[in-house]
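Dropping target_11.cif in here (mmCIF, C-alpha atoms):
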data_work
#
loop_
_atom_site.label_atom_id
_atom_site.label_comp_id
_atom_site.auth_asym_id
_atom_site.auth_seq_id
_atom_site.Cartn_x
_atom_site.Cartn_y
_atom_site.Cartn_z
CA MET Y 822 25.99 -3.44 18.86
CA THR Y 823 22.31 -4.15 19.32
CA THR Y 824 20.25 -7.12 18.27
CA ARG Y 825 17.53 -7.05 15.62
CA THR Y 826 14.95 -7.71 18.33
CA ASP Y 827 16.23 -4.76 20.38
CA ARG Y 828 16.13 -2.44 17.38
CA THR Y 829 12.60 -3.45 16.45
CA ALA Y 830 11.38 -3.10 20.05
CA ALA Y 831 13.15 0.27 20.33
CA VAL Y 832 11.44 1.63 17.20
CA ARG Y 833 8.07 0.41 18.43
CA ILE Y 834 8.44 1.94 21.90
CA ALA Y 835 9.75 5.16 20.34
CA TRP Y 836 6.55 5.30 18.26
CA ALA Y 837 4.47 4.83 21.41
CA ALA Y 838 6.44 7.62 23.12
CA THR Y 839 5.96 9.92 20.12
CA LYS Y 840 2.20 9.40 20.29
CA LEU Y 841 1.89 9.60 24.07
CA THR Y 842 3.98 12.77 24.34
CA ARG Y 843 2.10 14.32 21.40
CA ALA Y 844 5.44 14.62 19.60
CA GLY Y 845 7.19 16.09 22.61
CA ARG Y 846 4.57 18.54 23.83
CA HIS Y 847 3.78 16.58 26.97
CA PRO Y 848 6.62 14.62 28.59
CA ILE Y 849 5.53 11.26 29.95
CA ALA Y 850 6.79 9.29 32.93
CA ILE Y 851 8.94 6.34 31.87
CA GLY Y 852 6.86 4.11 34.18
CA ARG Y 853 3.63 5.12 32.41
CA LEU Y 854 5.20 4.51 28.99
CA ALA Y 855 6.44 1.10 30.14
CA ALA Y 856 3.00 0.17 31.51
CA THR Y 857 1.31 1.33 28.30
CA VAL Y 858 3.48 -0.95 26.16
CA GLY Y 859 3.52 -3.82 28.68
CA MET Y 860 7.20 -3.64 29.48
CA ASP Y 861 9.42 -3.46 32.55
CA PRO Y 862 10.42 0.19 33.25
CA ALA Y 863 14.15 -0.64 33.19
CA GLU Y 864 13.77 -2.26 29.75
CA ALA Y 865 11.74 0.71 28.50
CA HIS Y 866 14.46 3.05 29.78
CA ARG Y 867 17.17 1.03 27.99
CA LEU Y 868 15.27 1.02 24.70
CA MET Y 869 14.48 4.73 24.92
CA ASP Y 870 18.19 5.42 25.49
CA LEU Y 871 18.95 3.29 22.44
CA MET Y 872 16.67 5.49 20.31
CA GLY Y 873 18.16 8.72 21.60
CA PHE Y 874 15.30 9.91 23.77
CA VAL Y 875 16.25 11.91 26.84
CA ILE Y 876 14.91 10.76 30.20
CA ARG Y 877 15.11 13.57 32.71
CA ASP Y 878 13.74 13.25 36.26
CA GLY Y 879 11.90 10.10 35.22
CA LEU Y 880 10.21 11.81 32.25
CA VAL Y 881 10.67 10.93 28.58
CA VAL Y 882 11.52 14.15 26.73
CA MET Y 883 11.55 14.62 22.95
CA ASP Y 884 13.44 17.27 21.05
CA ARG Y 885 10.55 18.84 19.15
CA GLY Y 886 12.99 20.92 17.11
CA SER Y 887 14.52 17.88 15.44
CA ARG Y 888 14.60 17.75 11.67
CA PRO Y 889 14.70 14.65 9.53
CA GLY Y 890 18.23 13.34 9.36
CA PRO Y 891 20.39 10.27 9.10
CA ALA Y 892 21.66 8.28 12.02
CA ARG Y 893 24.72 9.80 13.60
CA ALA Y 894 27.90 7.93 12.80
CA GLY Y 895 28.31 4.93 15.06
CA SER Y 896 24.91 5.41 16.67
CA ASP Y 897 21.50 3.75 16.59
CA ARG Y 898 19.91 7.13 17.32
CA TYR Y 899 17.69 8.75 14.71
CA GLN Y 900 16.19 12.19 14.44
CA VAL Y 901 12.45 12.80 14.23
CA ASP Y 902 10.74 12.19 10.85
CA LEU Y 903 8.23 14.97 10.06
CA PHE Y 904 5.86 12.52 8.38
CA LEU Y 905 5.76 10.40 11.54
CA LEU Y 906 5.02 13.56 13.52
CA ALA Y 907 2.05 14.37 11.29
CA VAL Y 908 0.66 10.87 11.73
CA ALA Y 909 1.34 10.88 15.50
CA THR Y 910 -0.27 14.24 16.21
CA GLY Y 911 -2.89 14.46 13.46
CA GLU Y 912 -1.75 18.03 12.86
CA PRO Y 913 -0.66 19.53 9.54
CA VAL Y 914 3.08 19.85 8.96
CA HIS Y 915 4.87 22.36 6.78
CA ALA Y 916 8.42 21.52 5.74
CA ASP Y 917 10.61 24.20 4.19
CA SER Y 918 13.96 22.91 3.00
CA VAL Y 919 16.72 23.51 0.49
CA CYS Y 920 17.63 20.80 -2.03
CA PRO Y 921 21.25 19.88 -1.27
CA ALA Y 922 21.95 19.12 -4.96
CA THR Y 923 20.38 22.12 -6.68
CA GLY Y 924 19.94 24.74 -3.97
CA ALA Y 925 16.25 25.06 -4.91
CA ARG Y 926 13.79 25.70 -2.09
CA VAL Y 927 11.51 22.72 -1.41
CA ARG Y 928 8.22 23.33 0.40
CA VAL Y 929 5.89 20.53 1.42
CA HIS Y 930 2.64 20.78 3.35
CA PHE Y 931 0.83 17.62 4.45
CA THR Y 932 -1.48 16.11 7.03
CA ARG Y 933 -1.74 12.59 8.38
CA ASP Y 934 -4.08 11.72 5.51
CA ARG Y 935 -2.86 13.60 2.46
CA VAL Y 936 -0.34 15.87 0.84
CA LEU Y 937 -1.71 19.40 0.55
CA SER Y 938 1.06 20.93 -1.56
CA VAL Y 939 4.52 20.20 -2.97
CA ASP Y 940 6.73 22.87 -4.50
CA PRO Y 941 8.40 22.08 -6.82
CA PRO Y 942 5.80 19.51 -7.89
CA HIS Y 943 8.40 16.79 -8.58
CA ALA Y 944 10.15 17.09 -5.21
CA VAL Y 945 11.05 13.79 -3.58
CA VAL Y 946 11.87 12.40 -0.15
CA ALA Y 947 15.23 10.73 0.39
CA ALA Y 948 14.65 8.03 2.99
CA SER Y 949 17.18 5.91 4.81
CA ARG Y 950 16.50 2.32 5.74
CA LEU Y 951 16.57 1.62 9.47
CA SER Y 952 18.76 -1.47 9.35
CA GLY Y 953 17.91 -4.40 11.57
CA ILE Y 954 14.26 -3.40 12.03
CA ASP Y 955 11.58 -5.97 11.18
CA LEU Y 956 8.03 -4.66 10.77
CA THR Y 957 5.24 -6.88 9.55
CA LEU Y 958 1.63 -6.03 8.83
CA GLY Y 959 -0.34 -9.24 8.49
CA GLN Y 960 1.45 -11.22 5.78
CA ASP Y 961 3.34 -8.20 4.44
CA TYR Y 962 6.74 -6.85 5.43
CA VAL Y 963 6.91 -3.06 5.73
CA GLU Y 964 10.36 -1.57 5.29
CA ALA Y 965 11.33 0.77 8.13
CA LEU Y 966 12.37 4.08 6.57
CA VAL Y 967 13.13 7.52 7.96
CA CYS Y 968 13.03 10.74 5.92
CA THR Y 969 16.52 12.22 5.71
CA GLN Y 970 15.94 15.16 3.38
CA PHE Y 971 13.99 16.59 0.47
CA PHE Y 972 15.34 16.95 -3.07
CA ALA Y 973 13.87 19.08 -5.87
CA SER Y 974 13.47 16.00 -8.12
CA LYS Y 975 14.39 12.36 -8.48
CA GLU Y 976 17.25 13.37 -10.77
CA ALA Y 977 18.58 15.75 -8.12
CA ALA Y 978 18.61 12.87 -5.61
CA ALA Y 979 20.67 10.57 -7.87
CA GLY Y 980 23.96 11.45 -6.14
CA TRP Y 981 22.43 10.83 -2.71
CA LEU Y 982 21.29 7.37 -3.87
CA LEU Y 983 24.81 6.51 -5.02
CA GLU Y 984 26.12 7.37 -1.54
CA ASN Y 985 23.23 5.64 0.27
CA ILE Y 986 22.81 2.28 -1.42
CA ASP Y 987 20.15 1.19 1.10
CA GLY Y 988 18.30 4.47 0.65
CA ARG Y 989 15.04 5.02 -1.16
CA VAL Y 990 13.76 8.01 -3.11
CA LEU Y 991 10.00 8.37 -3.14
CA SER Y 992 7.55 11.02 -4.22
CA VAL Y 993 6.07 12.97 -1.31
CA PRO Y 994 2.63 11.26 -1.63
CA ASP Y 995 4.30 7.82 -1.88
CA TYR Y 996 6.41 8.49 1.21
CA LEU Y 997 3.35 9.61 3.19
CA ALA Y 998 1.52 6.43 2.11
CA HIS Y 999 4.57 4.37 3.12
CA THR Y 1000 4.70 6.13 6.50
CA ARG Y 1001 1.06 5.27 7.11
CA ARG Y 1002 1.76 1.58 6.29
CA MET Y 1003 4.79 1.67 8.59
CA VAL Y 1004 2.69 3.15 11.40
CA ALA Y 1005 0.03 0.46 10.89
CA ALA Y 1006 2.79 -2.15 11.30
CA LEU Y 1007 4.08 -0.40 14.43
CA GLU Y 1008 0.60 -0.28 15.91
CA ALA Y 1009 -0.07 -3.92 15.06
CA TRP Y 1010 2.46 -4.81 17.77
CA PRO Y 1011 0.30 -6.46 20.45
CA THR Y 1012 1.52 -4.32 23.36
CA ILE Y 1013 1.06 -0.85 21.84
#

Can the structure from this file be put into structure tokens for me?
Amino acid sequence: MTTRTDRTAAVRIAWAATKLTRAGRHPIAIGRLAATVGMDPAEAHRLMDLMGFVIRDGLVVMDRGSRPGPARAGSDRYQVDLFLLAVATGEPVHADSVCPATGARVRVHFTRDRVLSVDPPHAVVAASRLSGIDLTLGQDYVEALVCTQFFASKEAAAGWLLENIDGRVLSVPDYLAHTRRMVAALEAWPTI
């Protein structure tokens, strides 16, 4: 079991690693990551382990093939959120998924700044709350969410919401806007 402080620090250092590695394209030395965030290398290593990052030969490695997904049972480890990747790299992202409720194909294309296309137009993002994470931006609290999957509509996601009581269902533009607020809170941390 991890503390709330550990979880929050782990999410913040994971964000720094995502940016510094350009979403996994360029592994970074754990010592450099630690220095960048103002942390002891051993503590940075522990927190990166907590978030599921691989450290091989002293380098932080990201699985660039990861898809949005829930935490694995019994684990604090989360898969990569495509919206966070777009914000981290500044590059456009194209997501092509199948709605688990209807079987309809869901296609979403977005950049760090805006949604370029959503098909079907009423597709939504099912997002899980990262429990025990506290992010503040000035006076405001920003809920830490991670995209788990896309649904063809809010109605199609109703069953998912019943099974995920802490989950949220947002339109694609609303989720991108939320991700940008979450990133602003992550970057407001004094040592990033």

| request: Report the distance between atom CA of Y:Val832 and atom CA of Y:Met860 in Å, rounded to one decimal place. | output: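 Pair atom CA of Y:Val832 / atom CA of Y:Met860 returns 14.0 Å.
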
| request: Counting all atoms listed in the file, select every polymer residue within 6 Å of (5.7, 0.8, 3.6) as defined in the file's coordinates, and provide the selection as a PyMOL selection string. | output: chain Y and resi 963-964+999+1002-1003

Go ahead and save the residues from that selection, with C-alpha atoms, as a PDB file, in the coordinates of the input.
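Output saved as part_34.pdb:
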ATOM      1  CA  VAL Y 963       6.910  -3.060   5.730  1.00  0.00           C
ATOM      2  CA  GLU Y 964      10.360  -1.570   5.290  1.00  0.00           C
ATOM      3  CA  HIS Y 999       4.570   4.370   3.120  1.00  0.00           C
ATOM      4  CA  ARG Y1002       1.760   1.580   6.290  1.00  0.00           C
ATOM      5  CA  MET Y1003       4.790   1.670   8.590  1.00  0.00           C
TER       6      MET Y1003
END

| said: Under the rule that all atoms listed in the file are counted, which of Y:Thr826, Y:Thr969, Y:Thr857, Y:Thr839 is the nearest residue to Y:Trp981? | reply: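 Distance minimum relative to Y:Trp981 lands on Y:Thr969.
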
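Taking all atoms listed in the file into account, Y:Leu982 lies nearest to Y:Ala948 out of the set Y:Ala856, Y:Ala835, Y:Leu997, Y:Ala948.
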
| task | For atom CA of Y:Gly879 and atom CA of Y:Gly852, determine how far apart the two atoms are, in Å to one decimal place. | result |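 Going from atom CA of Y:Gly879 over to atom CA of Y:Gly852, I get 7.9 Å.
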
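The gap separating atom CA of Y:Phe931 from atom CA of Y:Leu841 is 21.2 Å, in Å to one decimal.
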
| If we count only C-alpha atoms, what is near stretch 965-968 of chain Y at a cut-off of 7 Å, once residues fewer than 3 positions away on the same chain are taken out, given as a list in words? |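 Returned residues: Pro889, Gly890, Asp902, Val946, Ala947, Ala948, Ser949, Arg950, Leu951, Ile954, Leu956 and Met1003 of chain Y.
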
| query | Which residue gives the smallest distance to Y:Phe904 among Y:Thr824, Y:Gln970, Y:Ser952, Y:Thr957, with all atoms listed in the file counted? | reply |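 Looking at the shortest contact to Y:Phe904, the residue is Y:Gln970.
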
| What lies within 6 Å of stretch 908-918 of chain Y using all atoms listed in the file, ignoring chain neighbours under 6 positions off, as an MDAnalysis selection string? | chainID Y and resid 840 843 926:933

| query | Excluding same-chain residues fewer than 6 positions from Y:Arg828, what lies within 10 Å of it counting all atoms listed in the file, as a VMD selection string? | reply | chain Y and resid 834 868 871 to 872 897 951 to 955

| task | Tell me which of Y:Cys920, Y:Ala1009, Y:Leu905, Y:Ala977 sits closest to Y:Tyr996, counting only C-alpha atoms. | result |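 Counting only C-alpha atoms, the residue closest to Y:Tyr996 is Y:Leu905.
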
| task | Might you pull out every residue within 12 Å of Y:Ala979, with all atoms listed in the file counted and same-chain residues fewer than 5 positions away left off, and present them as a VMD selection string? | result | chain Y and resid 921 to 923 945 to 947 972 to 974 984 to 986 988 to 991

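Residues matched by the PyMOL selection byres ((chain Y and resi 881) around 8) in this file are Y:Ala838, Y:Pro848, Y:Ile849, Y:Ala850, Y:Ile851, Y:Phe874, Y:Val875, Y:Ile876, Y:Arg877, Y:Gly879, Y:Leu880, Y:Val882, Y:Met883.
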
| message | Counting only C-alpha atoms, which residue out of Y:Glu976, Y:Asp934, Y:Asp870, Y:Asp961 sits closest to Y:Ala998? | response |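 Of all the options, Y:Asp934 lies closest to Y:Ala998.
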